[in-house]
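query.txt (compact mmCIF, C-alpha atoms (C1' of nucleotides)) appears below.
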# COMPACT_ATOMS: atom_id res chain seq x y z
CA MET A 1 5.52 4.21 -29.22
CA LYS A 2 8.04 2.81 -31.65
CA SER A 3 10.75 4.67 -29.77
CA ILE A 4 9.64 3.23 -26.46
CA ILE A 5 9.89 -0.30 -27.79
CA THR A 6 13.37 0.23 -29.17
CA GLN A 7 14.26 1.82 -25.86
CA LEU A 8 13.16 -1.38 -24.17
CA THR A 9 14.91 -3.79 -26.50
CA GLN A 10 18.11 -1.79 -26.60
CA ALA A 11 18.20 -1.95 -22.83
CA GLY A 12 18.05 -5.73 -23.18
CA TYR A 13 14.41 -6.21 -22.26
CA LYS A 14 11.87 -8.15 -24.23
CA CYS A 15 8.85 -6.63 -25.82
CA THR A 16 6.18 -8.92 -24.44
CA LYS A 17 2.40 -8.84 -24.68
CA PRO A 18 1.84 -7.73 -21.08
CA ARG A 19 4.30 -4.89 -21.51
CA LYS A 20 2.59 -3.81 -24.70
CA GLU A 21 -0.77 -3.89 -22.96
CA VAL A 22 0.53 -1.59 -20.27
CA LEU A 23 2.15 0.79 -22.72
CA ASP A 24 -0.89 0.85 -24.98
CA PHE A 25 -3.11 1.73 -22.09
CA LEU A 26 -0.84 4.46 -20.82
CA GLU A 27 -0.66 5.97 -24.29
CA LYS A 28 -4.42 6.16 -24.64
CA ASN A 29 -5.01 7.24 -21.08
CA HIS A 30 -4.46 10.92 -20.50
CA HIS A 31 -4.45 10.85 -16.74
CA ALA A 32 -2.04 9.26 -14.35
CA ILE A 33 -3.29 5.97 -12.96
CA SER A 34 -2.50 3.73 -10.03
CA ALA A 35 -1.12 0.22 -10.45
CA GLN A 36 -4.32 -1.16 -8.98
CA ASP A 37 -6.60 0.70 -11.35
CA LEU A 38 -4.40 -0.08 -14.30
CA HIS A 39 -4.67 -3.75 -13.44
CA LYS A 40 -8.46 -3.45 -13.32
CA GLN A 41 -8.43 -1.94 -16.81
CA ILE A 42 -6.22 -4.63 -18.31
CA SER A 43 -7.19 -7.45 -16.04
CA LYS A 44 -5.98 -10.18 -18.36
CA VAL A 45 -2.49 -9.09 -17.40
CA ASP A 46 -1.55 -10.49 -14.03
CA ARG A 47 -1.32 -8.13 -11.11
CA ALA A 48 2.30 -9.00 -10.41
CA SER A 49 3.21 -8.35 -14.03
CA VAL A 50 1.59 -4.95 -13.95
CA TYR A 51 3.65 -4.04 -10.93
CA ARG A 52 6.83 -5.46 -12.43
CA THR A 53 6.25 -3.66 -15.69
CA LEU A 54 5.56 -0.32 -14.06
CA ASN A 55 8.65 -0.63 -11.91
CA LEU A 56 10.72 -1.40 -14.95
CA LEU A 57 9.30 1.44 -17.00
CA GLU A 58 9.93 3.81 -14.15
CA GLU A 59 13.55 2.71 -13.82
CA LEU A 60 14.02 3.31 -17.51
CA GLY A 61 12.44 6.74 -17.24
CA ILE A 62 9.64 5.80 -19.60
CA VAL A 63 6.93 6.53 -17.08
CA ASN A 64 6.78 9.13 -14.35
CA ILE A 65 5.31 8.72 -10.92
CA GLU A 66 2.97 11.29 -9.49
CA ASN A 67 2.49 11.08 -5.78
CA PHE A 68 -1.19 11.78 -5.40
CA ASN A 69 -2.63 11.52 -1.93
CA ASN A 70 0.23 9.23 -1.09
CA GLU A 71 -0.66 6.88 -3.88
CA LYS A 72 1.71 6.25 -6.74
CA LEU A 73 0.14 7.26 -10.03
CA TYR A 74 1.85 6.36 -13.28
CA CYS A 75 1.83 8.14 -16.62
CA LEU A 76 4.04 8.31 -19.67
CA SER A 77 6.77 10.87 -19.21
CA ALA A 78 5.58 14.19 -20.58
CA GLU A 79 5.52 17.87 -19.81
CA PRO A 80 6.47 18.34 -16.19
CA HIS A 81 3.49 19.47 -14.18
CA HIS A 82 1.97 19.17 -10.75
CA HIS A 83 -1.48 18.84 -9.31
CA ILE A 84 -3.36 20.65 -6.66
CA ILE A 85 -5.88 18.56 -4.80
CA CYS A 86 -8.81 19.49 -2.61
CA LYS A 87 -8.32 17.69 0.69
CA LYS A 88 -12.03 17.25 1.15
CA CYS A 89 -13.56 16.31 -2.17
CA GLY A 90 -10.52 15.35 -4.22
CA PHE A 91 -11.14 17.91 -6.96
CA SER A 92 -7.87 18.57 -8.73
CA GLU A 93 -6.30 20.91 -11.25
CA GLU A 94 -3.10 20.72 -13.18
CA VAL A 95 -0.40 23.19 -12.28
CA PRO A 96 2.16 23.84 -14.99
CA CYS A 97 5.69 23.47 -13.84
CA THR A 98 8.06 26.12 -15.06
CA TYR A 99 11.32 24.74 -13.77
CA GLU A 100 12.84 21.43 -14.63
CA HIS A 101 16.12 21.18 -12.82
CA TYR A 102 17.59 21.98 -9.51
CA ASN A 103 21.29 21.99 -8.80
CA PHE A 104 22.73 20.38 -5.74
CA SER A 105 26.36 19.81 -4.92
CA ASN A 106 25.83 16.31 -3.55
CA PHE A 107 23.35 15.03 -6.11
CA SER A 108 23.03 14.70 -9.83
CA ASN A 109 20.14 13.80 -12.07
CA VAL A 110 17.71 15.57 -9.78
CA GLN A 111 14.00 15.25 -10.40
CA HIS A 112 11.22 16.69 -8.34
CA GLN A 113 7.61 15.95 -7.65
CA MET A 114 5.37 18.32 -5.76
CA THR A 115 1.99 17.79 -4.19
CA LEU A 116 -0.18 20.77 -3.44
CA THR A 117 -3.23 20.42 -1.26
CA GLY A 118 -5.91 22.88 -0.28
CA VAL A 119 -9.61 23.36 0.09
CA CYS A 120 -11.52 24.16 -3.07
CA ASN A 121 -14.02 26.98 -3.15
CA LYS A 122 -16.96 24.63 -3.22
CA CYS A 123 -15.86 22.83 -0.04
CA ASN A 124 -15.02 26.13 1.62
CA LYS A 125 -18.58 27.45 1.62
CA MET B 1 1.33 22.01 23.49
CA LYS B 2 -1.35 23.79 25.46
CA SER B 3 -2.52 25.37 22.25
CA ILE B 4 -2.75 22.05 20.48
CA ILE B 5 -4.96 20.62 23.20
CA THR B 6 -7.30 23.59 23.14
CA GLN B 7 -7.34 23.28 19.37
CA LEU B 8 -8.50 19.70 19.79
CA THR B 9 -11.17 20.39 22.41
CA GLN B 10 -12.51 23.43 20.63
CA ALA B 11 -12.98 21.30 17.55
CA GLY B 12 -15.11 18.98 19.68
CA TYR B 13 -12.58 16.21 20.20
CA LYS B 14 -11.59 14.70 23.49
CA CYS B 15 -8.13 14.92 24.91
CA THR B 16 -7.46 11.26 25.60
CA LYS B 17 -4.37 9.47 26.84
CA PRO B 18 -3.52 7.90 23.49
CA ARG B 19 -3.76 11.26 21.77
CA LYS B 20 -1.51 12.83 24.39
CA GLU B 21 1.00 9.99 23.93
CA VAL B 22 1.14 10.69 20.22
CA LEU B 23 1.47 14.44 20.65
CA ASP B 24 4.11 14.08 23.37
CA PHE B 25 6.17 11.87 21.20
CA LEU B 26 5.92 14.11 18.16
CA GLU B 27 6.95 17.08 20.27
CA LYS B 28 10.09 15.39 21.54
CA ASN B 29 10.93 13.79 18.22
CA HIS B 30 12.69 16.10 15.83
CA HIS B 31 12.34 13.99 12.73
CA ALA B 32 9.29 12.96 10.82
CA ILE B 33 8.19 9.41 11.61
CA SER B 34 5.97 6.80 10.02
CA ALA B 35 2.79 5.54 11.65
CA GLN B 36 4.40 2.11 12.01
CA ASP B 37 7.51 3.41 13.73
CA LEU B 38 5.52 5.73 15.93
CA HIS B 39 3.46 2.75 17.05
CA LYS B 40 6.63 0.85 17.90
CA GLN B 41 7.80 3.76 20.05
CA ILE B 42 4.54 4.05 21.97
CA SER B 43 3.45 0.46 21.70
CA LYS B 44 1.02 0.65 24.60
CA VAL B 45 -1.19 2.68 22.28
CA ASP B 46 -3.03 0.43 19.88
CA ARG B 47 -2.01 0.47 16.25
CA ALA B 48 -5.46 1.45 15.07
CA SER B 49 -5.54 4.34 17.50
CA VAL B 50 -2.20 5.61 16.27
CA TYR B 51 -3.54 5.65 12.73
CA ARG B 52 -6.80 7.27 13.78
CA THR B 53 -5.00 9.91 15.79
CA LEU B 54 -2.56 10.77 13.04
CA ASN B 55 -5.37 11.08 10.52
CA LEU B 56 -7.25 13.37 12.84
CA LEU B 57 -4.24 15.54 13.60
CA GLU B 58 -3.52 15.82 9.93
CA GLU B 59 -7.08 16.88 9.16
CA LEU B 60 -6.82 19.56 11.80
CA GLY B 61 -3.52 20.75 10.37
CA ILE B 62 -1.67 19.93 13.57
CA VAL B 63 0.71 17.54 11.88
CA ASN B 64 2.20 17.63 8.42
CA ILE B 65 2.87 14.69 6.17
CA GLU B 66 6.16 14.27 4.41
CA ASN B 67 6.12 11.89 1.53
CA PHE B 68 9.42 10.09 1.87
CA ASN B 69 10.09 7.25 -0.52
CA ASN B 70 6.35 6.88 -0.88
CA GLU B 71 5.93 6.41 2.84
CA LYS B 72 3.89 8.84 4.89
CA LEU B 73 5.99 10.46 7.57
CA TYR B 74 4.36 12.59 10.22
CA CYS B 75 5.71 15.56 12.17
CA LEU B 76 4.29 18.53 14.02
CA SER B 77 3.70 21.39 11.65
CA ALA B 78 6.83 23.50 11.67
CA GLU B 79 9.32 25.20 9.41
CA PRO B 80 8.51 24.19 5.88
CA HIS B 81 11.29 22.18 4.31
CA HIS B 82 11.82 19.40 1.82
CA HIS B 83 14.11 16.47 1.40
CA ILE B 84 16.23 15.24 -1.40
CA ILE B 85 16.71 11.49 -1.55
CA CYS B 86 19.21 9.33 -3.38
CA LYS B 87 17.26 6.85 -5.44
CA LYS B 88 19.90 4.19 -4.96
CA CYS B 89 21.11 4.30 -1.39
CA GLY B 90 18.46 6.41 0.31
CA PHE B 91 20.87 9.08 1.52
CA SER B 92 18.95 12.27 2.16
CA GLU B 93 19.47 15.93 2.93
CA GLU B 94 17.12 18.63 4.08
CA VAL B 95 16.32 21.36 1.62
CA PRO B 96 15.14 24.62 3.14
CA CYS B 97 11.96 25.88 1.65
CA THR B 98 11.88 29.58 0.98
CA TYR B 99 8.28 29.97 -0.04
CA GLU B 100 5.27 29.18 2.06
CA HIS B 101 2.23 30.02 0.05
CA TYR B 102 0.92 29.74 -3.41
CA ASN B 103 -2.14 31.56 -4.63
CA PHE B 104 -4.79 29.83 -6.65
CA SER B 105 -8.15 31.18 -7.63
CA ASN B 106 -10.01 27.94 -6.97
CA PHE B 107 -8.31 26.88 -3.75
CA SER B 108 -7.59 28.29 -0.36
CA ASN B 109 -5.42 27.12 2.50
CA VAL B 110 -2.87 25.75 0.07
CA GLN B 111 0.02 23.69 1.37
CA HIS B 112 2.70 22.00 -0.63
CA GLN B 113 5.04 19.09 -0.23
CA MET B 114 7.83 18.36 -2.64
CA THR B 115 9.94 15.29 -3.12
CA LEU B 116 13.28 15.58 -4.84
CA THR B 117 15.14 12.53 -5.99
CA GLY B 118 18.53 12.10 -7.56
CA VAL B 119 21.69 10.10 -7.44
CA CYS B 120 24.20 11.07 -4.79
CA ASN B 121 27.86 11.49 -5.65
CA LYS B 122 28.84 8.30 -3.91
CA CYS B 123 26.40 6.22 -5.97
CA ASN B 124 27.39 8.03 -9.12
CA LYS B 125 30.99 6.81 -9.09
C1' DT C 1 -21.01 11.93 40.65
C1' DA C 2 -23.97 10.09 37.19
C1' DG C 3 -25.08 10.13 32.30
C1' DT C 4 -23.88 10.48 27.53
C1' DT C 5 -21.00 10.22 23.96
C1' DA C 6 -16.65 9.81 21.84
C1' DT C 7 -12.86 6.91 21.80
C1' DT C 8 -10.16 2.86 22.65
C1' DG C 9 -8.40 -1.86 22.10
C1' DC C 10 -9.01 -6.03 20.00
C1' DG C 11 -9.47 -9.25 16.36
C1' DA C 12 -10.82 -9.79 11.79
C1' DT C 13 -10.50 -8.07 7.34
C1' DT C 14 -9.08 -5.42 3.35
C1' DT C 15 -5.71 -3.42 0.53
C1' DT C 16 -1.30 -3.13 -1.48
C1' DG C 17 2.69 -5.02 -3.07
C1' DT C 18 6.28 -8.80 -3.43
C1' DC C 19 8.28 -13.54 -4.07
C1' DG C 20 9.43 -18.14 -5.79
C1' DC C 21 8.79 -21.24 -9.15
C1' DA C 22 7.08 -24.06 -13.02
C1' DG C 23 5.79 -23.27 -17.48
C1' DT C 24 5.72 -20.07 -21.53
C1' DT C 25 7.22 -16.61 -24.84
C1' DG C 26 10.37 -13.60 -27.39
C1' DT C 27 14.55 -13.10 -29.84
C1' DG C 28 18.75 -14.02 -32.23
C1' DT C 29 21.03 -17.81 -34.63
C1' DT C 30 21.51 -21.43 -37.49
C1' DA D 1 11.50 -22.18 -40.14
C1' DA D 2 12.96 -24.39 -36.24
C1' DC D 3 15.99 -24.34 -32.33
C1' DA D 4 18.00 -22.85 -27.93
C1' DC D 5 18.26 -20.08 -24.20
C1' DA D 6 17.30 -16.46 -21.27
C1' DA D 7 13.79 -13.44 -19.92
C1' DC D 8 9.29 -13.19 -18.61
C1' DT D 9 4.57 -14.50 -17.12
C1' DG D 10 0.90 -16.27 -14.25
C1' DC D 11 -0.18 -18.36 -10.24
C1' DG D 12 -0.60 -18.97 -5.46
C1' DA D 13 1.36 -17.92 -1.22
C1' DC D 14 3.00 -14.52 1.56
C1' DA D 15 4.00 -10.08 3.95
C1' DA D 16 3.13 -5.49 5.19
C1' DA D 17 0.18 -1.60 5.83
C1' DA D 18 -4.02 0.20 6.99
C1' DT D 19 -8.99 0.05 8.12
C1' DC D 20 -13.36 -1.64 10.32
C1' DG D 21 -16.99 -3.14 13.56
C1' DC D 22 -18.02 -3.71 18.06
C1' DA D 23 -18.04 -4.30 23.08
C1' DA D 24 -15.76 -2.11 26.86
C1' DT D 25 -13.88 2.15 28.63
C1' DA D 26 -12.72 6.89 29.48
C1' DA D 27 -13.63 11.90 29.01
C1' DC D 28 -16.39 15.70 29.40
C1' DT D 29 -21.02 18.05 31.05
C1' DA D 30 -24.54 19.04 34.01

Starting from the file, lay out its structure as structure tokens.
Amino acid sequence: MKSIITQLTQAGYKCTKPRKEVLDFLEKNHHAISAQDLHKQISKVDRASVYRTLNLLEELGIVNIENFNNEKLYCLSAEPHHHIICKKCGFSEEVPCTYEHYNFSNFSNVQHQMTLTGVCNKCNK
Amino acid sequence: MKSIITQLTQAGYKCTKPRKEVLDFLEKNHHAISAQDLHKQISKVDRASVYRTLNLLEELGIVNIENFNNEKLYCLSAEPHHHIICKKCGFSEEVPCTYEHYNFSNFSNVQHQMTLTGVCNKCNK
DNA sequence: TAGTTATTGCGATTTTGTCGCAGTTGTGTT
DNA sequence: AACACAACTGCGACAAAATCGCAATAACTA
């Protein structure tokens, strides 16, 4: 947490209350969360500020985006992993990710995000 | 095309003009396209019907969704491939996909979609 | 060809995200 | 500790994307 704040200030950004609210929540929360839902959880922070903060944190690499069902979900950068989602009921499991980097001749700083979908056993009966 | 229509009717759905319009377009179009843009191309079909049709076709596995820049792009199910996108300028390349299936104990019918992002050489100067 | 049922088109509505701007807050400096 | 200044917030308006209900219509079935 300390390191995140210094990361912010050293990049020339202020450490404001709304930003702390967002970071605090993301630290306590162990699942990725959408901007909407995050705003519901910390509703005293304005919607626009939540969006602005998340965009900033993403630019700085402090949070990662998971593309879940075509919704952006945010979480503090951590172990790379994916999810597999049941198309019918939404049940999901984490899938560990064993590779971190790809090499491409025309690109650098390559990150990846994978969405797996399927039908879970329960829905398949 | 014939097979797609029988696939529709056998699933109990009608083969209507709007649905044919959508399928015709997707067959001729070689790139994935957003619902919005598809509606612009076949504007005589109502916006809501375009959305409803795409959702249906996706449920039936007739079209695939590519998550491009957090926008849903639709195309007829075909050769699996991915894209890599420059975060700054949007430049993209196709990335062939060499694997088709993953095995999971709790899921069947597993499909995957991966988004790669990076910074292209031009933007990196 | 008539009956029934799914589907369409339309307009209204919801959801999601952004913008501009006046007022406020954080930070570094004196 | 108070000041100064830029960055930031909250607010309301706005824009874009997608969905919904419903009356009218079109597709299949007998």

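Every chain B residue lying within 12 Å of chain C, based on all atoms listed in the file, is listed here: Thr9, Gly12, Tyr13, Lys14, Cys15, Thr16, Lys17, Pro18, Arg19, Lys44, Val45, Asp46, Arg47, Ala48, Ser49, Val50, Arg52 and Thr53 of chain B.
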
May I have the residues of chain D within 8 Å of chain A, counting all atoms listed in the file, written as number ranges by chain? D: 7-10

Counting all atoms listed in the file, give me one row per residue of chain A with an atom at most 6 Å from an atom of chain B, showing the shortest contact pair and its distance in Å to one decimal, sorted by chain then residue number, as a tab-separated table.
residue	atom	partner	partner_atom	distance
A:Asn106	CA	B:Cys120	CA	5.6
A:Phe107	CA	B:Cys120	CA	4.3
A:Ser108	CA	B:Val119	CA	5.4
A:Asn109	CA	B:Gly118	CA	5.1
A:Val110	CA	B:Gly118	CA	4.2
A:Gln111	CA	B:Thr117	CA	5.3
A:His112	CA	B:Leu116	CA	4.2
A:Gln113	CA	B:Thr115	CA	5.1
A:Met114	CA	B:Met114	CA	4.0
A:Thr115	CA	B:Gln113	CA	5.2
A:Leu116	CA	B:His112	CA	4.2
A:Thr117	CA	B:Gln111	CA	5.3
A:Gly118	CA	B:Val110	CA	4.2
A:Val119	CA	B:Ser108	CA	5.3
A:Cys120	CA	B:Phe107	CA	4.3
A:Asn121	CA	B:Asn106	CA	5.6

Would you compute the distance between atom CA of Leu73 of chain B and atom C1' of DA27 of chain D? Give it in Å to one decimal. 29.1 Å

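Using all atoms listed in the file, the contacts of Ile33 of chain A at a cut-off of 9 Å, with sequence neighbours closer than 2 positions omitted, comprise A:Leu26, A:Asn29, A:His31, A:Ala35, A:Gln36, A:Asp37, A:Leu38, A:Glu66, A:Lys72, A:Leu73, A:Tyr74, A:Cys75.
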
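Put simply, atom C1' of DC22 of chain D is 22.2 Å away from atom CA of Ser43 of chain B.
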
Straight-line distance linking atom CA of Leu60 of chain A with atom CA of Ala11 of chain A, stated in Å to one decimal: 8.6 Å

Need the axis-aligned box for segment 13-21 of chain D with 6 Å each side, so what are the centre and edges in Å to one decimal, as JSON?
{"center_x": -6.5, "center_y": -8.9, "center_z": 6.2, "size_x": 33.0, "size_y": 30.1, "size_z": 26.8}

Mind completing segment 5-29 of chain B with N, CA and C atoms? Output as a compact mmCIF listing (two decimals), keeping the file's coordinate frame, please?
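Output below, filename part.txt:
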# COMPACT_ATOMS: atom_id res chain seq x y z
N ILE B 5 -3.87 21.26 22.48
CA ILE B 5 -4.96 20.62 23.20
C ILE B 5 -6.23 21.46 23.11
N THR B 6 -6.10 22.75 23.27
CA THR B 6 -7.30 23.59 23.14
C THR B 6 -7.84 23.52 21.72
N GLN B 7 -6.92 23.41 20.77
CA GLN B 7 -7.34 23.28 19.37
C GLN B 7 -8.18 22.02 19.19
N LEU B 8 -7.76 20.95 19.85
CA LEU B 8 -8.50 19.70 19.79
C LEU B 8 -9.88 19.86 20.42
N THR B 9 -9.90 20.33 21.67
CA THR B 9 -11.17 20.39 22.41
C THR B 9 -12.14 21.36 21.75
N GLN B 10 -11.60 22.47 21.27
CA GLN B 10 -12.51 23.43 20.63
C GLN B 10 -13.10 22.89 19.36
N ALA B 11 -12.42 21.92 18.75
CA ALA B 11 -12.98 21.30 17.55
C ALA B 11 -13.94 20.16 17.92
N GLY B 12 -14.13 19.96 19.23
CA GLY B 12 -15.11 18.98 19.68
C GLY B 12 -14.53 17.60 19.91
N TYR B 13 -13.21 17.51 19.98
CA TYR B 13 -12.58 16.21 20.20
C TYR B 13 -12.08 16.11 21.63
N LYS B 14 -12.04 14.90 22.11
CA LYS B 14 -11.59 14.70 23.49
C LYS B 14 -10.07 14.58 23.56
N CYS B 15 -9.58 14.97 24.72
CA CYS B 15 -8.13 14.92 24.91
C CYS B 15 -7.80 13.65 25.67
N THR B 16 -7.62 12.57 24.97
CA THR B 16 -7.46 11.26 25.60
C THR B 16 -5.98 10.92 25.79
N LYS B 17 -5.74 9.89 26.58
CA LYS B 17 -4.37 9.47 26.84
C LYS B 17 -3.63 9.10 25.56
N PRO B 18 -4.23 8.25 24.73
CA PRO B 18 -3.52 7.90 23.49
C PRO B 18 -3.15 9.12 22.65
N ARG B 19 -4.07 10.06 22.55
CA ARG B 19 -3.76 11.26 21.77
C ARG B 19 -2.63 12.04 22.39
N LYS B 20 -2.61 12.12 23.73
CA LYS B 20 -1.51 12.83 24.39
C LYS B 20 -0.19 12.11 24.14
N GLU B 21 -0.22 10.79 24.20
CA GLU B 21 1.00 9.99 23.93
C GLU B 21 1.57 10.36 22.57
N VAL B 22 0.70 10.39 21.58
CA VAL B 22 1.14 10.69 20.22
C VAL B 22 1.72 12.09 20.16
N LEU B 23 1.01 13.06 20.71
CA LEU B 23 1.47 14.44 20.65
C LEU B 23 2.77 14.62 21.42
N ASP B 24 2.87 14.00 22.60
CA ASP B 24 4.11 14.08 23.37
C ASP B 24 5.28 13.58 22.56
N PHE B 25 5.06 12.43 21.94
CA PHE B 25 6.17 11.87 21.20
C PHE B 25 6.57 12.79 20.05
N LEU B 26 5.60 13.26 19.31
CA LEU B 26 5.92 14.11 18.16
C LEU B 26 6.63 15.40 18.60
N GLU B 27 6.29 15.87 19.80
CA GLU B 27 6.95 17.08 20.27
C GLU B 27 8.42 16.85 20.57
N LYS B 28 8.70 15.68 21.15
CA LYS B 28 10.09 15.39 21.54
C LYS B 28 10.91 14.98 20.33
N ASN B 29 10.25 14.34 19.39
CA ASN B 29 10.93 13.79 18.22
C ASN B 29 11.18 14.89 17.19
